[in-house]
Amino acid sequence: MGAGPAGPGPMATPGATREVAFVALGSNLPGPRGSPREAVLAALAALDDLPGTRRVARSRLYHTQPLGGPAGQPDYVNAVARLETTLPPKSLLEALQGLEAAWGRQRVERWGPRTLDLDLLVHGARRLDREGLCLPHPRLAERDFVILPLLELAPDLEVPGLGPLARLAEGCPMRGAEPLPEASW
Ligand code: A4P
Ligand code: MG
């Protein structure tokens, strides 16, 4: 469990604003934390231990077809988590990349198979367009494996600069993302 509502955790900036952030999780390769499903479940738990951060909700797990990347890569397990965090966006992304590394992530090719991918979808009202960090996540609105779990957690979300999530969902190509059976969550 990360910092409680009463105060920031270790390394968090005292007095920093607590923001709502959404993180997308994806895995389609087994690694040191087990199968893709096990890796995503373990990462969902680990998000709650990041400095100054509480995981306040998580979606179901989804079974999804790979979008882009090399032909023949395995299907994915995807999910989204809702966080409250005092970490600023760059620090949160660095913490997420630390988890990816601990889950055995190797960057071989863009959109290639991975043991764990953690994308920062939204961080409060922030809009950023930097080389290493864009907010909201630039491909958020094109992906059913992001939109569907995000809708579970925040159906009324206004995505900064993009508008209501419900409207983005109407324009998102649905490619067959399906929740895993309840026993797998
Ligand atoms: N980066 C910039 N903004 C962000 C942000 N908001 N969150 C930078 C996370 N990273 C951000 O990411 C590439 C660079 O994006 C990083 O240097 C980071 O600083 P990466 O994780 O190293 O590589 P990647 O994930 O292969 O690239 P990319 O472009 O982020 O891919 P996506 O968009 O994450 O897509 N199909 C299914 N069914 N399920 C999936 O989860 N995922 C992908 C990857 C493709 N197809 C998929 C899935
Ligand atoms: Mg990524």
# chains A, B, ... in the order shown; residues from 1 in each chain; ligands from 1

$ closest_atom_pairs --of "stretch 150-172 of chain A" --to "stretch 116-122 of chain A" --cutoff "10 Å" --atoms "only C-alpha atoms" --output "JSON lines"
{"residue": "A:Leu150", "atom": "CA", "partner": "A:Leu121", "partner_atom": "CA", "distance": 9.5}
{"residue": "A:Val159", "atom": "CA", "partner": "A:Val122", "partner_atom": "CA", "distance": 7.3}
{"residue": "A:Pro160", "atom": "CA", "partner": "A:Val122", "partner_atom": "CA", "distance": 7.9}

$ select_by_dssp --residues "stretch 37-160 of chain A" --states "alpha helix (DSSP H)" --output "number ranges by chain"
A: 37-47, 89-102, 144-153

$ residues_around --residues "A:Gly68" --least-positions-apart "6" --cutoff "10 Å" --atoms "only C-alpha atoms" --output "VMD selection string"
chain A and resid 110 to 112

$ residues_near_ligand --ligand "ligand 1" --cutoff "7 Å" --atoms "only C-alpha atoms and all ligand atoms" --output "PDB file with C-alpha atoms, in the first residue's frame"
ATOM      1  CA  LEU A  25      -0.991  -2.179 -18.498  1.00  0.00           C
ATOM      2  CA  GLY A  26      -0.215  -4.704 -21.233  1.00  0.00           C
ATOM      3  CA  SER A  27       1.687  -7.965 -21.510  1.00  0.00           C
ATOM      4  CA  THR A  64      -6.898  -8.591 -26.818  1.00  0.00           C
ATOM      5  CA  GLN A  65      -5.521  -9.133 -30.311  1.00  0.00           C
ATOM      6  CA  PRO A  66      -2.143  -7.492 -30.978  1.00  0.00           C
ATOM      7  CA  LEU A  67      -2.415  -4.127 -32.696  1.00  0.00           C
ATOM      8  CA  GLY A  68       0.586  -3.372 -34.931  1.00  0.00           C
ATOM      9  CA  GLY A  69       4.045  -4.798 -34.414  1.00  0.00           C
ATOM     10  CA  ASP A  75      -2.310 -12.056 -27.872  1.00  0.00           C
ATOM     11  CA  TYR A  76      -2.193  -9.554 -25.012  1.00  0.00           C
ATOM     12  CA  VAL A  77      -3.611  -9.191 -21.539  1.00  0.00           C
ATOM     13  CA  ASN A  78      -4.548  -5.534 -20.943  1.00  0.00           C
ATOM     14  CA  LEU A  93       6.702   7.634 -15.774  1.00  0.00           C
ATOM     15  CA  ARG A 107      12.980  -3.018 -25.883  1.00  0.00           C
ATOM     16  CA  GLU A 109      11.353  -3.258 -31.604  1.00  0.00           C
ATOM     17  CA  ARG A 110       8.509  -0.779 -31.461  1.00  0.00           C
ATOM     18  CA  TRP A 111       5.199  -2.462 -30.682  1.00  0.00           C
ATOM     19  CA  GLY A 112       7.055  -5.775 -30.327  1.00  0.00           C
ATOM     20  CA  ASP A 117       4.196  -2.236 -20.875  1.00  0.00           C
ATOM     21  CA  LEU A 118       3.003   0.572 -18.626  1.00  0.00           C
ATOM     22  CA  ASP A 119       1.670   3.664 -20.355  1.00  0.00           C
ATOM     23  CA  LEU A 120       0.695   6.824 -18.529  1.00  0.00           C
ATOM     24  CA  LEU A 121      -2.656   7.680 -20.109  1.00  0.00           C
ATOM     25  CA  GLU A 131      10.120  13.654 -26.586  1.00  0.00           C
ATOM     26  CA  GLY A 132       9.927  11.256 -23.654  1.00  0.00           C
ATOM     27  CA  LEU A 133       6.456  12.072 -22.344  1.00  0.00           C
ATOM     28  CA  CYS A 134       3.211  13.004 -24.072  1.00  0.00           C
ATOM     29  CA  LEU A 135      -0.008  13.546 -22.117  1.00  0.00           C
ATOM     30  CA  PRO A 136      -2.658  12.408 -22.611  1.00  0.00           C
ATOM     31  CA  HIS A 137      -1.122   9.285 -24.180  1.00  0.00           C
ATOM     32  CA  ARG A 139      -2.818   6.702 -28.956  1.00  0.00           C
ATOM     33  CA  PHE A 145      -7.955  -2.271 -25.133  1.00  0.00           C
TER      34      PHE A 145
END

$ residues_around --residues "A:Leu96" --least-positions-apart "4" --cutoff "12 Å" --atoms "only C-alpha atoms" --output "VMD selection string"
chain A and resid 22 to 25 43 to 44 46 to 51 53 87 89 to 92 100 to 103 105 116 to 121

$ atom_distance --atom1 "atom CA of A:Arg54" --atom2 "atom CA of A:Pro113"
28.4 Å
